[in-house]
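work-v9.cif, holding mmCIF, C-alpha atoms and all ligand atoms:
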data_protein
#
loop_
_atom_site.label_atom_id
_atom_site.label_comp_id
_atom_site.auth_asym_id
_atom_site.auth_seq_id
_atom_site.Cartn_x
_atom_site.Cartn_y
_atom_site.Cartn_z
CA MET Q 1 49.79 0.91 -10.16
CA GLU Q 2 47.19 -1.71 -9.29
CA PHE Q 3 44.03 -0.88 -7.32
CA ARG Q 4 44.72 -3.98 -5.23
CA ASP Q 5 47.92 -5.79 -6.14
CA LEU Q 6 47.29 -9.55 -6.22
CA LYS Q 7 50.33 -10.33 -8.36
CA ARG Q 8 52.85 -9.09 -5.80
CA GLN Q 9 51.10 -11.12 -3.13
CA TYR Q 10 51.34 -14.25 -5.27
CA LEU Q 11 55.05 -13.73 -5.92
CA GLU Q 12 55.68 -13.17 -2.21
CA TYR Q 13 54.10 -16.52 -1.20
CA LYS Q 14 54.70 -18.31 -4.52
CA GLU Q 15 56.52 -21.32 -3.14
CA GLU Q 16 53.95 -22.04 -0.45
CA LEU Q 17 51.01 -21.41 -2.78
CA ASP Q 18 52.40 -23.53 -5.60
CA GLY Q 19 53.12 -26.26 -3.06
CA GLY Q 20 49.56 -26.17 -1.78
CA ILE Q 21 48.05 -26.23 -5.25
CA HIS Q 22 50.32 -29.05 -6.41
CA SER Q 23 49.50 -31.22 -3.45
CA VAL Q 24 45.81 -31.01 -4.45
CA LEU Q 25 46.72 -31.87 -8.04
CA ASN Q 26 48.78 -34.83 -6.88
CA GLN Q 27 46.10 -36.06 -4.50
CA ALA Q 28 43.37 -35.39 -7.14
CA ASN Q 29 40.93 -34.66 -4.30
CA PHE Q 30 39.42 -31.67 -6.07
CA ILE Q 31 36.11 -31.59 -4.20
CA SER Q 32 35.87 -32.04 -0.42
CA GLY Q 33 39.57 -32.80 0.02
CA ASN Q 34 40.93 -32.81 3.57
CA GLN Q 35 42.24 -29.24 3.08
CA VAL Q 36 38.65 -27.97 3.10
CA GLU Q 37 37.91 -29.30 6.56
CA GLU Q 38 41.33 -28.24 7.85
CA LEU Q 39 40.63 -24.73 6.63
CA GLU Q 40 37.19 -24.70 8.27
CA VAL Q 41 38.78 -25.58 11.62
CA GLU Q 42 41.40 -22.86 11.21
CA LEU Q 43 38.85 -20.22 10.17
CA ALA Q 44 36.47 -21.03 13.02
CA LYS Q 45 39.37 -20.72 15.45
CA TYR Q 46 40.54 -17.47 13.88
CA VAL Q 47 37.10 -15.88 14.10
CA GLY Q 48 36.36 -17.40 17.50
CA VAL Q 49 33.17 -19.31 16.75
CA LYS Q 50 32.22 -22.97 16.95
CA TYR Q 51 31.45 -23.66 13.29
CA CYS Q 52 32.78 -22.55 9.93
CA ILE Q 53 30.97 -23.97 6.91
CA THR Q 54 32.72 -23.05 3.67
CA CYS Q 55 30.75 -22.64 0.45
CA ALA Q 56 31.04 -21.51 -3.16
CA ASN Q 57 30.92 -17.72 -2.69
CA GLY Q 58 29.84 -14.93 -0.35
CA THR Q 59 26.43 -14.55 -1.96
CA ASP Q 60 25.58 -18.22 -1.44
CA ALA Q 61 26.79 -17.88 2.14
CA LEU Q 62 24.15 -15.20 2.80
CA GLN Q 63 21.48 -17.24 1.06
CA LEU Q 64 22.38 -20.38 3.02
CA ALA Q 65 21.95 -18.46 6.28
CA LEU Q 66 18.49 -17.25 5.30
CA MET Q 67 17.57 -20.80 4.23
CA ALA Q 68 18.76 -22.27 7.54
CA TRP Q 69 16.47 -19.82 9.35
CA GLY Q 70 13.54 -20.61 7.07
CA ILE Q 71 13.14 -16.98 6.02
CA GLY Q 72 10.57 -16.54 3.26
CA GLN Q 73 7.24 -15.03 2.33
CA ASN Q 74 5.84 -12.33 4.60
CA ASP Q 75 9.22 -11.82 6.22
CA ALA Q 76 10.95 -8.44 6.23
CA VAL Q 77 14.75 -8.48 6.01
CA PHE Q 78 16.48 -5.16 6.68
CA VAL Q 79 19.51 -4.32 4.53
CA PRO Q 80 21.75 -1.23 4.41
CA ASP Q 81 20.99 0.97 1.43
CA PHE Q 82 24.70 1.45 0.69
CA THR Q 83 26.38 -1.90 0.03
CA PHE Q 84 27.23 -4.40 -2.69
CA PHE Q 85 24.16 -5.78 -4.50
CA SER Q 86 24.50 -9.29 -3.01
CA SER Q 87 23.56 -8.15 0.49
CA GLY Q 88 20.05 -7.41 -0.80
CA GLU Q 89 19.83 -9.84 -3.71
CA VAL Q 90 19.59 -12.89 -1.47
CA VAL Q 91 16.43 -11.62 0.23
CA PRO Q 92 13.95 -11.95 -2.69
CA TYR Q 93 15.78 -15.15 -3.59
CA VAL Q 94 14.26 -16.86 -0.54
CA GLY Q 95 10.92 -15.11 -1.12
CA ALA Q 96 11.27 -12.44 1.57
CA THR Q 97 11.04 -8.65 1.20
CA PRO Q 98 14.12 -6.41 1.49
CA ILE Q 99 13.65 -3.22 3.49
CA PHE Q 100 16.48 -0.80 2.92
CA VAL Q 101 17.92 1.31 5.71
CA ASP Q 102 20.02 4.45 5.43
CA VAL Q 103 23.61 4.44 6.63
CA GLU Q 104 25.92 6.58 8.77
CA LYS Q 105 27.83 9.18 6.80
CA ASP Q 106 31.11 8.79 8.65
CA THR Q 107 31.38 4.96 8.89
CA PHE Q 108 29.32 4.05 5.78
CA ASN Q 109 27.57 1.37 7.90
CA ILE Q 110 23.90 0.83 8.71
CA ASP Q 111 22.44 3.54 10.96
CA PRO Q 112 20.88 1.98 14.09
CA ILE Q 113 18.44 4.90 14.48
CA GLN Q 114 17.19 4.51 10.92
CA LEU Q 115 16.98 0.75 11.43
CA GLU Q 116 14.63 1.10 14.36
CA LEU Q 117 12.50 3.65 12.49
CA GLN Q 118 12.11 1.23 9.60
CA ILE Q 119 11.25 -1.69 11.89
CA LYS Q 120 8.54 0.40 13.59
CA GLN Q 121 7.15 1.41 10.21
CA ILE Q 122 6.92 -2.23 9.07
CA LEU Q 123 5.21 -3.21 12.32
CA LYS Q 124 2.76 -0.35 11.91
CA GLU Q 125 1.92 -1.40 8.36
CA GLY Q 126 1.37 -4.92 9.68
CA ARG Q 127 1.93 -6.71 6.35
CA LEU Q 128 5.37 -8.16 6.99
CA ILE Q 129 7.10 -9.62 10.02
CA PRO Q 130 10.52 -8.14 10.85
CA ARG Q 131 12.79 -11.19 11.08
CA VAL Q 132 16.37 -10.42 10.14
CA VAL Q 133 18.79 -7.52 9.82
CA ILE Q 134 21.69 -8.05 7.43
CA VAL Q 135 24.51 -5.99 8.87
CA VAL Q 136 27.38 -5.27 6.48
CA ASP Q 137 30.90 -4.44 7.70
CA LEU Q 138 31.39 -2.08 4.82
CA PHE Q 139 34.89 -1.33 3.52
CA GLY Q 140 36.34 -3.40 6.38
CA GLN Q 141 35.06 -1.71 9.54
CA PRO Q 142 32.61 -3.65 11.71
CA ALA Q 143 29.23 -1.97 11.99
CA ASP Q 144 27.95 -0.61 15.31
CA MET Q 145 27.17 -4.16 16.36
CA TYR Q 146 26.28 -3.57 20.00
CA SER Q 147 23.65 -0.91 19.21
CA ILE Q 148 22.22 -3.15 16.51
CA LYS Q 149 22.13 -6.13 18.85
CA ASN Q 150 20.03 -4.13 21.33
CA ILE Q 151 17.54 -3.33 18.59
CA ALA Q 152 17.48 -6.90 17.25
CA ASP Q 153 16.85 -8.24 20.77
CA LYS Q 154 14.11 -5.69 21.40
CA TYR Q 155 12.19 -6.76 18.28
CA ASN Q 156 13.11 -10.44 18.48
CA MET Q 157 15.07 -10.37 15.24
CA LEU Q 158 18.13 -12.28 14.04
CA ILE Q 159 21.40 -10.66 12.96
CA LEU Q 160 23.08 -11.85 9.78
CA GLU Q 161 26.53 -10.27 9.64
CA ASP Q 162 27.77 -9.85 6.06
CA GLY Q 163 31.50 -9.83 6.69
CA ALA Q 164 32.52 -10.17 3.03
CA GLN Q 165 34.59 -7.00 3.40
CA GLY Q 166 35.02 -7.05 7.15
CA PHE Q 167 36.86 -10.34 7.63
CA GLY Q 168 39.88 -9.62 9.82
CA GLY Q 169 38.30 -6.56 11.44
CA ARG Q 170 37.52 -6.40 15.16
CA ILE Q 171 35.73 -4.57 17.93
CA GLY Q 172 38.11 -4.75 20.85
CA GLU Q 173 39.39 -8.31 20.68
CA LYS Q 174 36.20 -9.74 19.17
CA ARG Q 175 36.61 -10.52 15.50
CA ALA Q 176 34.31 -9.75 12.57
CA CYS Q 177 32.14 -12.72 11.54
CA SER Q 178 31.48 -13.51 15.21
CA PHE Q 179 28.85 -10.79 15.74
CA GLY Q 180 25.94 -12.27 13.80
CA ASP Q 181 23.67 -15.08 14.96
CA ILE Q 182 25.03 -16.28 11.66
CA SER Q 183 27.87 -14.44 9.87
CA THR Q 184 29.27 -14.82 6.39
CA THR Q 185 32.29 -13.86 4.34
CA SER Q 186 33.55 -13.99 0.77
CA PHE Q 187 36.93 -15.14 -0.53
CA PHE Q 188 36.57 -13.34 -3.88
CA PRO Q 189 40.18 -12.53 -4.87
CA ALA Q 190 40.05 -8.82 -4.03
CA LYS Q 191 38.49 -9.23 -0.56
CA PRO Q 192 40.73 -8.90 2.52
CA LEU Q 193 41.21 -12.69 2.57
CA GLY Q 194 40.86 -13.81 -1.03
CA CYS Q 195 41.36 -17.05 -2.93
CA TYR Q 196 42.03 -17.57 -6.66
CA GLY Q 197 38.46 -17.89 -7.79
CA ASP Q 198 35.15 -17.80 -5.95
CA GLY Q 199 34.73 -18.91 -2.37
CA GLY Q 200 32.81 -18.09 0.79
CA ALA Q 201 32.05 -19.20 4.33
CA VAL Q 202 29.33 -19.17 6.96
CA PHE Q 203 30.05 -18.88 10.70
CA THR Q 204 27.88 -19.69 13.69
CA ASP Q 205 27.95 -20.95 17.26
CA HIS Q 206 24.53 -22.56 16.92
CA ASP Q 207 24.56 -26.40 16.65
CA GLU Q 208 21.24 -26.85 14.92
CA TRP Q 209 21.78 -24.10 12.33
CA ALA Q 210 25.26 -25.49 11.60
CA GLN Q 211 23.75 -28.91 10.82
CA LEU Q 212 21.20 -27.27 8.51
CA LEU Q 213 23.94 -25.30 6.77
CA TYR Q 214 25.99 -28.47 6.17
CA SER Q 215 22.90 -30.03 4.65
CA TYR Q 216 21.72 -27.10 2.51
CA ARG Q 217 25.14 -26.57 0.93
CA ILE Q 218 25.17 -30.14 -0.43
CA HIS Q 219 21.78 -30.75 -2.03
CA GLY Q 220 19.87 -30.82 1.26
CA LYS Q 221 21.63 -34.01 2.22
CA GLY Q 222 20.56 -36.22 5.09
CA LYS Q 223 22.83 -39.12 6.01
CA SER Q 224 24.63 -38.91 2.67
CA LYS Q 225 24.72 -36.89 -0.52
CA TYR Q 226 22.25 -39.38 -2.02
CA ASP Q 227 19.80 -39.14 0.87
CA ASN Q 228 18.10 -35.82 0.19
CA ILE Q 229 15.79 -34.61 2.89
CA ARG Q 230 15.33 -30.98 1.84
CA ILE Q 231 15.83 -28.82 -1.26
CA GLY Q 232 19.33 -27.41 -1.01
CA MET Q 233 22.08 -26.02 -3.19
CA ASN Q 234 25.37 -27.15 -4.66
CA SER Q 235 27.67 -24.70 -2.95
CA ARG Q 236 31.08 -26.02 -1.99
CA LEU Q 237 34.51 -24.47 -1.70
CA ASP Q 238 36.80 -26.55 -3.89
CA THR Q 239 39.98 -28.07 -2.51
CA ILE Q 240 42.42 -25.94 -4.52
CA GLN Q 241 40.85 -22.77 -3.12
CA ALA Q 242 41.04 -24.22 0.40
CA ALA Q 243 44.74 -25.00 -0.07
CA ILE Q 244 45.36 -21.41 -1.24
CA LEU Q 245 43.41 -19.94 1.67
CA LYS Q 246 45.34 -22.05 4.18
CA VAL Q 247 48.56 -20.41 2.96
CA LYS Q 248 47.10 -16.90 2.88
CA LEU Q 249 45.59 -17.22 6.34
CA ARG Q 250 49.08 -17.80 7.76
CA HIS Q 251 50.13 -14.38 6.48
CA PHE Q 252 46.84 -12.60 7.09
CA ASN Q 253 47.49 -10.82 10.40
CA LYS Q 254 50.78 -9.46 9.10
CA GLU Q 255 48.92 -8.12 6.05
CA LEU Q 256 46.24 -6.52 8.22
CA LYS Q 257 48.90 -4.72 10.19
CA LYS Q 258 50.50 -3.41 7.02
CA VAL Q 259 47.24 -2.27 5.51
CA ASN Q 260 46.37 -0.42 8.73
CA GLN Q 261 49.70 1.39 8.57
CA ILE Q 262 48.93 2.43 5.00
CA ALA Q 263 45.45 3.63 5.94
CA ASN Q 264 46.95 5.70 8.76
CA GLN Q 265 49.50 7.16 6.38
CA TYR Q 266 46.76 8.21 3.94
CA THR Q 267 44.60 9.64 6.72
CA LYS Q 268 47.41 11.59 8.31
CA ALA Q 269 48.39 13.18 5.01
CA LEU Q 270 44.91 13.79 3.59
CA ALA Q 271 43.51 15.19 6.83
CA CYS Q 272 45.40 18.43 6.03
CA GLU Q 273 43.03 19.03 3.13
CA GLU Q 274 39.70 20.14 4.56
CA ARG Q 275 37.82 19.39 1.33
CA ILE Q 276 38.54 15.69 1.75
CA HIS Q 277 36.78 13.66 4.44
CA THR Q 278 38.99 10.76 5.44
CA PRO Q 279 37.38 7.53 6.70
CA PHE Q 280 36.43 7.49 10.36
CA VAL Q 281 37.18 4.42 12.48
CA ARG Q 282 35.38 4.16 15.81
CA GLU Q 283 37.31 3.98 19.09
CA SER Q 284 38.40 0.35 19.75
CA PHE Q 285 37.28 -0.71 16.25
CA TYR Q 286 39.83 -2.22 13.88
CA SER Q 287 39.25 -2.23 10.13
CA SER Q 288 40.51 -4.78 7.62
CA TRP Q 289 40.49 -1.96 5.02
CA ALA Q 290 38.82 -3.81 2.19
CA GLN Q 291 38.63 -0.28 0.80
CA TYR Q 292 40.10 3.07 1.74
CA THR Q 293 37.26 5.42 0.89
CA VAL Q 294 37.27 9.20 1.11
CA ARG Q 295 34.37 11.61 0.63
CA LEU Q 296 34.60 14.70 -1.53
CA GLN Q 297 32.40 17.78 -1.31
CA SER Q 298 30.44 17.18 -4.49
CA GLN Q 299 29.89 14.69 -7.27
CA LYS Q 300 31.63 17.05 -9.64
CA ILE Q 301 34.87 17.20 -7.65
CA ARG Q 302 34.76 13.44 -7.03
CA ASN Q 303 34.40 12.68 -10.74
CA HIS Q 304 37.07 15.17 -11.76
CA LEU Q 305 39.49 13.79 -9.19
CA MET Q 306 38.89 10.28 -10.48
CA VAL Q 307 39.68 11.34 -14.06
CA TYR Q 308 42.76 13.26 -12.92
CA LEU Q 309 44.10 10.29 -10.99
CA LYS Q 310 43.49 8.03 -13.95
CA GLU Q 311 45.45 10.41 -16.20
CA HIS Q 312 48.32 9.93 -13.77
CA ASP Q 313 48.03 6.18 -13.83
CA ILE Q 314 46.32 5.91 -10.42
CA PRO Q 315 43.26 3.65 -10.38
CA SER Q 316 40.37 4.61 -8.11
CA MET Q 317 36.86 3.19 -7.83
CA VAL Q 318 33.36 4.41 -7.05
CA TYR Q 319 31.87 2.11 -4.43
CA TYR Q 320 28.90 2.38 -4.87
CA ALA Q 321 27.35 4.45 -7.65
CA VAL Q 322 23.72 3.43 -7.04
CA PRO Q 323 21.98 2.99 -3.67
CA MET Q 324 20.07 -0.25 -3.23
CA HIS Q 325 16.62 1.36 -3.23
CA LEU Q 326 17.28 2.79 -6.69
CA GLN Q 327 18.53 -0.46 -8.25
CA LYS Q 328 16.16 -1.49 -11.02
CA ALA Q 329 16.01 -5.06 -9.72
CA PHE Q 330 14.37 -3.78 -6.51
CA GLU Q 331 11.86 -1.57 -8.30
CA ILE Q 332 8.94 -3.82 -7.39
CA TYR Q 333 9.52 -3.27 -3.68
CA ASP Q 334 7.78 -0.18 -2.55
CA GLN Q 335 10.41 1.88 -0.77
CA ARG Q 336 8.41 5.11 -0.81
CA ARG Q 337 7.78 4.80 2.91
CA SER Q 338 11.18 6.25 3.47
CA SER Q 339 12.23 9.71 2.50
CA ALA Q 340 15.34 8.85 4.41
CA PHE Q 341 18.00 7.57 2.08
CA MET Q 342 19.69 10.92 2.07
CA VAL Q 343 23.05 9.72 3.31
CA ALA Q 344 23.29 6.74 0.96
CA GLU Q 345 22.35 8.94 -1.99
CA GLU Q 346 24.99 11.47 -1.06
CA LEU Q 347 27.68 8.81 -0.58
CA CYS Q 348 26.96 7.42 -4.03
CA LYS Q 349 27.79 10.85 -5.41
CA THR Q 350 30.79 11.76 -3.28
CA ALA Q 351 32.68 8.61 -2.18
CA LEU Q 352 35.90 7.54 -3.86
CA SER Q 353 38.01 4.50 -3.02
CA LEU Q 354 41.78 4.79 -3.39
CA PRO Q 355 44.34 2.05 -4.06
CA ILE Q 356 45.12 0.04 -0.94
CA GLY Q 357 46.51 -3.36 -0.09
CA PRO Q 358 49.34 -4.89 1.91
CA PHE Q 359 51.66 -4.76 -1.09
CA LEU Q 360 51.24 -1.12 -1.97
CA GLU Q 361 54.69 0.44 -1.75
CA ASN Q 362 55.61 3.58 0.08
CA VAL Q 363 56.55 5.46 -3.11
CA GLU Q 364 53.14 4.60 -4.52
CA ILE Q 365 51.27 5.82 -1.45
CA GLU Q 366 53.24 9.06 -1.53
CA TYR Q 367 52.56 9.44 -5.24
CA VAL Q 368 48.79 9.03 -4.72
CA ILE Q 369 48.84 11.60 -1.91
CA LYS Q 370 50.92 14.03 -3.96
CA LYS Q 371 48.63 13.76 -6.97
CA ILE Q 372 45.55 14.36 -4.84
CA PHE Q 373 47.14 17.54 -3.46
CA ASP Q 374 48.22 18.63 -6.96
CA PHE Q 375 44.62 18.24 -8.07
CA MET Q 376 43.24 20.14 -5.12
CA VAL Q 377 45.57 23.06 -5.67
CA TYR Q 378 44.47 23.55 -9.24
CA TYR Q 379 40.80 22.73 -8.59
C1 LIG Q 401 31.72 -9.30 -2.28
C2 LIG Q 401 30.54 -9.11 -1.41
C3 LIG Q 401 29.53 -10.09 -1.32
C4 LIG Q 401 29.45 -11.27 -2.22
O1 LIG Q 401 30.53 -12.09 -2.27
P1 LIG Q 401 30.77 -13.03 -3.56
O2 LIG Q 401 31.79 -13.99 -3.07
O3 LIG Q 401 31.24 -12.16 -4.66
O4 LIG Q 401 29.47 -13.70 -3.88
C5 LIG Q 401 28.50 -9.87 -0.43
N1 LIG Q 401 28.45 -8.78 0.34
C6 LIG Q 401 29.39 -7.82 0.28
C7 LIG Q 401 29.28 -6.63 1.17
C8 LIG Q 401 30.46 -7.95 -0.61
O5 LIG Q 401 31.38 -6.98 -0.68
#
Could I get this structure in the form of structure tokens?
Amino acid sequence: MEFRDLKRQYLEYKEELDGGIHSVLNQANFISGNQVEELEVELAKYVGVKYCITCANGTDALQLALMAWGIGQNDAVFVPDFTFFSSGEVVPYVGATPIFVDVEKDTFNIDPIQLELQIKQILKEGRLIPRVVIVVDLFGQPADMYSIKNIADKYNMLILEDGAQGFGGRIGEKRACSFGDISTTSFFPAKPLGCYGDGGAVFTDHDEWAQLLYSYRIHGKGKSKYDNIRIGMNSRLDTIQAAILKVKLRHFNKELKKVNQIANQYTKALACEERIHTPFVRESFYSSWAQYTVRLQSQKIRNHLMVYLKEHDIPSMVYYAVPMHLQKAFEIYDQRRSSAFMVAEELCKTALSLPIGPFLENVEIEYVIKKIFDFMVYY
């Protein structure tokens, strides 16, 4: 069994995908081919924003957003303590200081109450200016965007939505990657919408920021690539990846529906076992299920379950083993001000992600559930 089965997906759409790839090969328009712009139009429409600017990966997308806003020295950027490293990595990259914020136990997403506490603390210290909150839609579920927006407005801060895992999710009818002043996603193969290499995108409604993003992603270009008016990056989505994404986008909503059915099936079955906490999705929220993540009662049970599943040929993953504030790379940032990373620390010890994906078969889902129950009986 695969943790996320990309081979079955390829075989399912093989003809369309091969066709898309071959047309790029035949046209030999490997960089900035027309498929890239076509995809950008389709993605912007899908998300419901004015601009989509594709780029080389989801990490660059976050960095480009911070560059467009001119975030740098003396700026505080708030980041959930429980996320993939990229969400925080981009902050020192532009010269700003990451301030980590604890998360909610049941949704895994940034805790608005903790966010406001951290903002107040930074204001009290008076060394840094609170400028941005990077809000991650972890494991596929949008964060509590409306509460966070109230806080951001109150302190005159910008929201950068990291939708690398959340693409395809919604609150009501409003789609992920439309909640940030700028939002980003990743097309890394295993993400909800993945390509066959690295890829990413930035979304915004804001005209001026969009123009800056177009410039920064191609060497800070002015009128042309050879007229360089600012220091930028080389961060493009290549045409083959765009052609692949155009095909996958056509099938995406169908896949989301399937993956939601699978998540419901897991939750319904596993809810009978009180020692397993199944993922909680807020009322009117819709997850893209980048991961299906349960919580166990202790690190010991979690680790034993993982080994047991592996012995039965079931892959599972620990997302994430180390909270951001304990990553060695962030050691130089003084995070002692907060005693409050209790939830993130606990999640690192007790969370376990199970196989999920639109091509997981019913017999496989039932096998995973059965093996979890077998383990629990003997444990
Ligand atoms: C994957 C991921 C990224 C980075 O995307 P890449 O395309 O791998 O650079 C950023 N944030 C989160 C939450 C992610 O899961």
Just want the residues within 9 Å of ligand LIG 401 (chain Q), written as a ChimeraX atom specification, counting only C-alpha atoms and all ligand atoms. /Q:56-62,83-88,136-139,162-166,184-191,198-200,290
Atom CA of Q:Met157 to atom CA of Q:Phe330: how many Å, to one decimal? 22.7 Å
Which one of Q:Asp207, Q:Glu331, Q:Glu361, Q:Asp106 sits closest to Q:Thr293 if you count only C-alpha atoms? Q:Asp106
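Around Q:Val281, within 9 Å and counting all atoms listed in the file, the residues found are Asp106, Thr107, Gln141, Pro279, Glu283, Ser284, Phe285, Tyr286 and Ser287 of chain Q, once anything fewer than 2 positions away on its own chain is removed.
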Atom pair atom CA of Q:Gly194 + atom CA of Q:Asp144, distance 24.7 Å
Quick one: residues within 12 Å of stretch 310-316 of chain Q, only C-alpha atoms, excluding same-chain residues fewer than 3 positions away - as a ChimeraX atom specification? /Q:1-5,291-294,302-307,319,351-356,364-372,374-375
Put the listed atoms of stretch 149-157 of chain Q in a box along x, y and z with 8 Å added on every side and give me the centre and edge lengths in Å to one decimal, as AutoDock Vina command-line options.
--center_x 17.2 --center_y -6.9 --center_z 18.3 --size_x 25.9 --size_y 23.1 --size_z 22.2
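The nearest approach to Q:Val322 among the residues Q:Glu274, Q:Asp81, Q:Glu255, Q:Asp102, with all atoms listed in the file taken into account, belongs to Q:Asp81.
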